[in-house]
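K.L.:
Take a look at the following structure, please.
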Amino acid sequence: MKLIGEKGVKRILMLTAFSAISALLLIALFILSEGLPFIFNYGLTEFLFSSDWQPHLGKFGIYPMIVASLWVTLGAMIVGAPLGVAGALFLSEYVPKSVMNLIKPTIELLAAIPSVVYGFIGVMVLAPIIRENFGGPGLSLLSASIILGIMILPTVISISIDSILAVPQSYREGSYALGATTWQTIHMVIIKASKSGIIASIILGMGRAIGETMAVIMVAGNSVNIPHSPLDSVRTLTANIALEMSYATGLHRQALFATGVILFVVIIILNSIASVAIRKRMVKR
Amino acid sequence: MIKNSLLLSLTLITAGLMIWGCGKGKTSLTLAGSTAFQPFAETLADQYMSSHPDIAITVQGGGSAVGIQSANSGAAQIGMADLVVLPEEAKALTATIVAKDGIAVVVNPQNKVVNLSTDQVRDIFNGKITNWEEVGGNNVPITVVSREAGSGTRSSFEQIVGNINLKRDALIQDSNGTIRETVANDANSIGYLSHGLINEKIKALKVDNQECTTESIIAGNYKIVRPIYLLVKGSLQGEIKNFIDYILSDEGQKTIKADGLLPAK
């Protein structure tokens with residue numbers, strides 16, 4: 001059947017490829033066109049560094065939410081990165097390959113659990129534990145960090161494993177030949193050789209953590225508040241948009257789009273760092 | 001290529017015919033706005049459509065602000081709003097009160113406090129009172145739970161109680177249901193929600209010694225009550241008037257009452 005010729009296939013593929021890019025462009029343009037005018041009218045410094053968010057009084061300062069987003073992301077890193085990297089090292093260096101091939105897909109299943117389920121577990125299990133043992137409302141920076149830390153595990157583990165497995169076998173053999181133990185080989189050779197890949201995995205996990213919305217809305221408590229301790233309730237940038245979008249009109253709505261612009265910029269920066277780190281690794285090899 | 005485009009145009013024509021066929025001979029009516037009244041409007045619309053097959057009623061949510069906006073712009077013939085004081089933009093619209101909704105101040109059933117004065121409620125939400133001991137409870141900190149900015153329930157609550165400037169570290173939940181869950185899970189918390197949604201997992205407080213019950217609200221004793229408005233551009237006439245009349249009829253008001261709201265009269 002020669003219904004579509006060689007050129008036709010090329011055109012169709014090109015069209016499909018461009019539809020993905022144009023979707024990105026459209027989204028970027030839309031957010032910027034809705035959000036930028038507000039930022040210019042309201043004043044960038046006032047918007048970024050004022051801590052009053054009172055839409056009904058016309059005060060739109062997102063400083064507490066920027067701080068909260070960064071803290072929550074950092075907290076998720078503190079929980080998720082060591083667990084993820086340690087898990088990846090264990091699976092790739094200590095465990096037979098057949099076992100790893102069984103466990104790795106299982107961990108990747110974590111990524112298939114909808115974020116609302118993570119949030120639900122956070123509200124029902126984690127928050128009461130924190131409330132009863134440490135005090136505070138339970139819905140807090142700490143619970144958001146723990147939940148997000150678990151959510152980024154599959155990203156961190158699977159990309160770390162890939163980069164650790166990419167370390168040439170001859171490096172390991174060389175290390176063992178010099179009399180190094182497995183642990184000495186890991187921290188002197190393997191981690192050094194796969195460093196950029198591991199860093200990239202952590203940054204990608206970070207992108208996931210900062211962009212997560214549903215689970216965070218459910219477990220973080222959402223007060224517009226600069227946190228003084230991990231037990232304080234916080235509201236992230238994403239949560240702010242999702243919480244108030246349904247009721248917002250006029251200036252308030254524009255302010256939410258402007259929040260989106262800031263979030264967009266933050267995520268672009270993180271992603272570029274990640275892709276630079278990954279590219280470095282490719283060049284090295 | 002030719003085959004594909006033929007198929008595509010056939011599909012389009014069929015779809016077009018179907019849409020045209022559906023709309024034919026029916027008057028359509030759109031309601032939009034308050035999410036608190038949306039489920040009631042849907043039930044009422046279903047009942048009304050079953051006795052008036054020539055009318056198609058669509059009910060959309062979006063919140064009170066959307067209700068006012070779309071009634072003004074004509075995007076919906078009827079806007080729904082659950083605010084105590086209608087904003088400037090709504091002044092030009094014809095407003096009909098179709099139901100009332102009490103807002104209950106709720107705490108965890110383990111809390112031994114049963115009554116608060118309006119002043120105490122205000123001070124708790126403003127962060128002046130931070131421990132349950134100050135209002136007759138145990139010596140534990142108060143966790144305040146409120147709704148997000150822009151919510152009709154929140155603005156009504158704040159306007160009726162008066163002078164509320166919500167304390168910064170109050171938890172914010174985005175629906176009546178999540179407020180109920182939070183209060184049910186946290187023994188130290190206080191929140192507020194639509195009175196129809198009270199269940200055994202939470203306890204409604206008396207405010208100024210008045211219980212938040214249907215009887216007390218109808219008698220006018222319980223103070224925190226908001227009206228639910230239907231907003232129409234211009235005067236009430238034709239199908240719009242018929243539908244609103246139906247909501248205000250005994251049958252319509254009975255439906256409203258059965259599902260937890262209070263009748264308008």
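Please note that chains go A, B, ... in the order of the structure tokens, that every chain numbers its residues from 1, and that ligands are numbered from 1 in the order shown.
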Residues of region 88-201 of chain A in alpha helix (DSSP H) according to DSSP, as a PyMOL selection string?
P.N.:
chain A and resi 88-89+97-108+115-121+127-134+141-151+153-165+169-177+182-185+191-193+195-201
K.L.:
I'd like the contact shell of Thr45 (chain A) - 12 Å cut-off, only C-alpha atoms, skipping same-chain residues fewer than 5 positions apart - returned as number ranges by chain.
P.N.:
A: 39-40, 50-51, 60-63
K.L.:
One decimal, in Å: what's the spacing between CA of Glu89 (chain B) and CA of Leu36 (chain A)?
P.N.:
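Value for the CA of Glu89 (chain B)-CA of Leu36 (chain A) distance: 26.2 Å.
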K.L.:
Restrict the distance test to only C-alpha atoms, flag each residue of chain A within 8 Å of chain B, and return the flagged residues as an mmCIF file with C-alpha atoms, in the first residue's frame.
P.N.:
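Result file out-v1.cif:
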```cif
data_model
loop_
_atom_site.group_PDB
_atom_site.id
_atom_site.type_symbol
_atom_site.label_atom_id
_atom_site.label_comp_id
_atom_site.auth_asym_id
_atom_site.auth_seq_id
_atom_site.Cartn_x
_atom_site.Cartn_y
_atom_site.Cartn_z
ATOM 1 C CA LEU A 3 -1.051 5.619 0.025
ATOM 2 C CA ILE A 4 1.466 7.980 1.585
ATOM 3 C CA GLN A 54 -4.313 39.839 50.502
ATOM 4 C CA PRO A 55 -6.086 39.748 47.156
ATOM 5 C CA HIS A 56 -9.262 41.410 48.467
ATOM 6 C CA PRO A 128 -1.307 12.912 62.421
ATOM 7 C CA PRO A 137 -0.854 21.487 62.947
ATOM 8 C CA GLY A 221 -1.578 23.493 55.081
ATOM 9 C CA ASN A 222 -1.388 26.439 52.660
ATOM 10 C CA SER A 223 -0.983 29.388 55.024
ATOM 11 C CA VAL A 224 0.709 32.377 53.430
ATOM 12 C CA ASN A 225 3.451 32.435 55.977
ATOM 13 C CA ASP A 232 4.909 25.533 60.250
ATOM 14 C CA SER A 233 2.300 25.400 57.548
ATOM 15 C CA LEU A 243 -6.086 27.126 45.287
ATOM 16 C CA GLU A 244 -7.284 30.511 44.179
ATOM 17 C CA SER A 246 -11.298 29.020 40.570
ATOM 18 C CA TYR A 247 -12.503 32.182 42.280
ATOM 19 C CA ALA A 248 -10.066 34.762 41.002
ATOM 20 C CA THR A 249 -11.139 37.585 38.726
#
```
K.L.:
Using only C-alpha atoms, which protein or nucleic acid residues come within 7 Å of region 194-210 of chain B? Drop anything in the same chain fewer than 4 positions from it, and give the result as a PyMOL selection string.
P.N.:
chain B and resi 101-109+114-118+176+183-184+221-222+260-261
K.L.:
May I have the selected residues written with C-alpha atoms, as a PDB file, in the first residue's frame?
P.N.:
```
ATOM      1  CA  ASP B 101     -27.229  28.848  54.030  1.00  0.00           C
ATOM      2  CA  GLY B 102     -25.976  28.881  57.607  1.00  0.00           C
ATOM      3  CA  ILE B 103     -22.245  28.891  58.187  1.00  0.00           C
ATOM      4  CA  ALA B 104     -21.367  26.717  61.173  1.00  0.00           C
ATOM      5  CA  VAL B 105     -18.281  27.249  63.320  1.00  0.00           C
ATOM      6  CA  VAL B 106     -16.950  23.740  63.808  1.00  0.00           C
ATOM      7  CA  VAL B 107     -14.428  22.024  66.068  1.00  0.00           C
ATOM      8  CA  ASN B 108     -13.271  18.482  66.709  1.00  0.00           C
ATOM      9  CA  PRO B 109     -15.745  16.395  68.799  1.00  0.00           C
ATOM     10  CA  VAL B 114     -19.491  24.228  73.262  1.00  0.00           C
ATOM     11  CA  ASN B 115     -20.108  27.940  72.925  1.00  0.00           C
ATOM     12  CA  LEU B 116     -18.186  30.971  71.700  1.00  0.00           C
ATOM     13  CA  SER B 117     -19.228  34.589  71.505  1.00  0.00           C
ATOM     14  CA  THR B 118     -18.895  36.424  68.192  1.00  0.00           C
ATOM     15  CA  ASN B 176     -16.012  22.701  52.545  1.00  0.00           C
ATOM     16  CA  VAL B 183     -11.141  19.564  61.589  1.00  0.00           C
ATOM     17  CA  ALA B 184     -12.153  15.917  62.008  1.00  0.00           C
ATOM     18  CA  ASN B 221     -31.627  33.400  66.050  1.00  0.00           C
ATOM     19  CA  TYR B 222     -28.405  32.094  64.545  1.00  0.00           C
ATOM     20  CA  GLY B 260     -29.347  20.673  53.467  1.00  0.00           C
ATOM     21  CA  LEU B 261     -29.937  24.300  52.502  1.00  0.00           C
TER      22      LEU B 261
END
```
K.L.:
Report, in Å with one decimal, the straight-line distance from CA of Phe49 (chain A) to CA of Ile262 (chain A).
P.N.:
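CA of Ile262 (chain A) lies at a distance of 12.4 Å from CA of Phe49 (chain A).
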K.L.:
Mind dumping a table of every region 127-162 of chain A residue within 10 Å of region 69-72 of chain A, with the nearest atom pair and its distance in Å to one decimal, using only C-alpha atoms, sorted by chain and rising number, as a Markdown table?
P.N.:
```
| residue | atom | partner | partner_atom | distance |
| --- | --- | --- | --- | --- |
| A:Ser140 | CA | A:Val72 | CA | 9.6 |
| A:Leu141 | CA | A:Val72 | CA | 6.1 |
| A:Leu142 | CA | A:Val72 | CA | 7.9 |
| A:Ser143 | CA | A:Val72 | CA | 9.3 |
| A:Ala144 | CA | A:Val72 | CA | 6.6 |
| A:Ser145 | CA | A:Val72 | CA | 5.3 |
| A:Ile146 | CA | A:Val72 | CA | 9.1 |
| A:Leu148 | CA | A:Val72 | CA | 8.1 |
| A:Gly149 | CA | A:Val72 | CA | 9.4 |
```
K.L.:
Which one is closest to Leu263 (chain A): A:Gly211, A:Gly8, A:Pro227, A:Gly122? Count only C-alpha atoms.
P.N.:
A:Gly211
K.L.:
Set the distance at 10 Å and use only C-alpha atoms: which residues neighbour Leu165 (chain A) once local chain neighbours fewer than 2 positions away are removed? I'd like the list as a list in words.
P.N.:
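Result of the neighbour search: Ala88, Leu89, Ser92, Glu93, Ile159, Ser160, Ile161, Asp162, Ser163, Val167, Pro168, Gln169, Ile190 and Ser194 of chain A.
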K.L.:
Keeping C-alpha atoms for every residue in the selection just given, could you write it to a file as a short mmCIF file (atom, residue, chain, number, x, y, z; two decimals), in the first residue's frame?
P.N.:
```cif
data_model
loop_
_atom_site.label_atom_id
_atom_site.label_comp_id
_atom_site.auth_asym_id
_atom_site.auth_seq_id
_atom_site.Cartn_x
_atom_site.Cartn_y
_atom_site.Cartn_z
CA ALA A 88 20.83 3.38 43.24
CA LEU A 89 24.35 2.52 44.46
CA SER A 92 23.80 -1.32 40.87
CA GLU A 93 26.87 -2.37 42.88
CA ILE A 159 18.51 8.08 36.34
CA SER A 160 21.27 7.49 38.91
CA ILE A 161 21.30 3.78 38.13
CA ASP A 162 21.57 4.50 34.42
CA SER A 163 24.54 6.78 34.94
CA VAL A 167 30.67 3.73 34.18
CA PRO A 168 32.94 1.38 32.18
CA GLN A 169 33.51 -2.02 33.79
CA ILE A 190 32.03 5.03 40.73
CA SER A 194 29.04 9.13 37.42
#
```
K.L.:
Rounded to one decimal place, report the CA of Pro227 (chain B)-CA of Lys128 (chain B) distance in Å.
P.N.:
29.2 Å
K.L.:
From a DSSP pass on the backbone, collect the residues of region 25-263 of chain B flagged as strand (DSSP E or B) and hand them back as a ChimeraX atom specification.
P.N.:
/B:27-33,55-62,78-81,93-107,115-116,131,141,143-147,171-173,189-194,203-204,206-207,210,225-233,262-263
K.L.:
Can you pull out every residue within 12 Å of Ala92 (chain B), counting only C-alpha atoms, but drop anything in the same chain fewer than 3 positions away, and send it as a PyMOL selection string?
P.N.:
chain B and resi 68-69+71-73+86-89+95+231-235
K.L.:
For Glu42 (chain B), which residue out of B:Leu29, B:Val59, B:Ile244, B:Cys212 is the nearest one, using only C-alpha atoms?
P.N.:
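Closest residue, counting only C-alpha atoms: B:Val59.
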K.L.:
Could you name the residues that touch Ala193 (chain A) at 10 Å or less, counting only C-alpha atoms, but leaving out those on the same chain fewer than 4 positions away, as an mmCIF file with N, CA and C atoms, in the first residue's frame?
P.N.:
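In the end it all went to around.cif:
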```
data_model
loop_
_atom_site.group_PDB
_atom_site.id
_atom_site.type_symbol
_atom_site.label_atom_id
_atom_site.label_comp_id
_atom_site.auth_asym_id
_atom_site.auth_seq_id
_atom_site.Cartn_x
_atom_site.Cartn_y
_atom_site.Cartn_z
ATOM 1 N N SER A 163 23.224 6.158 35.091
ATOM 2 C CA SER A 163 24.544 6.777 34.943
ATOM 3 C C SER A 163 25.620 5.951 35.649
ATOM 4 N N ILE A 164 25.247 5.246 36.719
ATOM 5 C CA ILE A 164 26.240 4.400 37.400
ATOM 6 C C ILE A 164 26.603 3.200 36.513
ATOM 7 N N ALA A 166 26.626 3.222 33.439
ATOM 8 C CA ALA A 166 27.376 3.680 32.274
ATOM 9 C C ALA A 166 28.871 3.793 32.561
ATOM 10 N N VAL A 167 29.246 3.693 33.851
ATOM 11 C CA VAL A 167 30.673 3.726 34.181
ATOM 12 C C VAL A 167 31.312 2.439 33.629
ATOM 13 N N PRO A 168 32.356 2.564 32.823
ATOM 14 C CA PRO A 168 32.944 1.377 32.176
ATOM 15 C C PRO A 168 33.393 0.339 33.203
ATOM 16 N N TYR A 171 36.906 0.398 34.808
ATOM 17 C CA TYR A 171 37.214 1.257 35.961
ATOM 18 C C TYR A 171 37.118 0.440 37.243
ATOM 19 N N ILE A 186 33.323 2.262 45.254
ATOM 20 C CA ILE A 186 32.147 3.107 45.034
ATOM 21 C C ILE A 186 32.494 4.571 45.261
ATOM 22 N N HIS A 187 33.066 4.885 46.439
ATOM 23 C CA HIS A 187 33.171 6.322 46.697
ATOM 24 C C HIS A 187 34.407 6.954 46.066
ATOM 25 N N MET A 188 35.380 6.121 45.645
ATOM 26 C CA MET A 188 36.545 6.728 44.994
ATOM 27 C C MET A 188 36.449 6.696 43.474
ATOM 28 N N VAL A 189 35.742 5.699 42.934
ATOM 29 C CA VAL A 189 35.708 5.576 41.471
ATOM 30 C C VAL A 189 34.312 5.825 40.905
ATOM 31 N N GLY A 197 25.875 12.561 36.185
ATOM 32 C CA GLY A 197 24.597 11.888 36.004
ATOM 33 C C GLY A 197 23.780 11.896 37.284
ATOM 34 N N ILE A 198 24.452 11.668 38.395
ATOM 35 C CA ILE A 198 23.747 11.672 39.680
ATOM 36 C C ILE A 198 23.215 13.073 39.974
ATOM 37 N N ARG A 281 28.260 15.186 30.806
ATOM 38 C CA ARG A 281 28.539 13.774 30.957
ATOM 39 C C ARG A 281 28.723 13.136 29.584
ATOM 40 N N LYS A 284 32.074 13.944 28.094
ATOM 41 C CA LYS A 284 33.156 13.259 28.768
ATOM 42 C C LYS A 284 33.376 11.857 28.214
ATOM 43 N N ARG A 285 32.270 11.198 27.856
ATOM 44 C CA ARG A 285 32.397 9.794 27.522
ATOM 45 C C ARG A 285 33.099 9.555 26.196
#
```
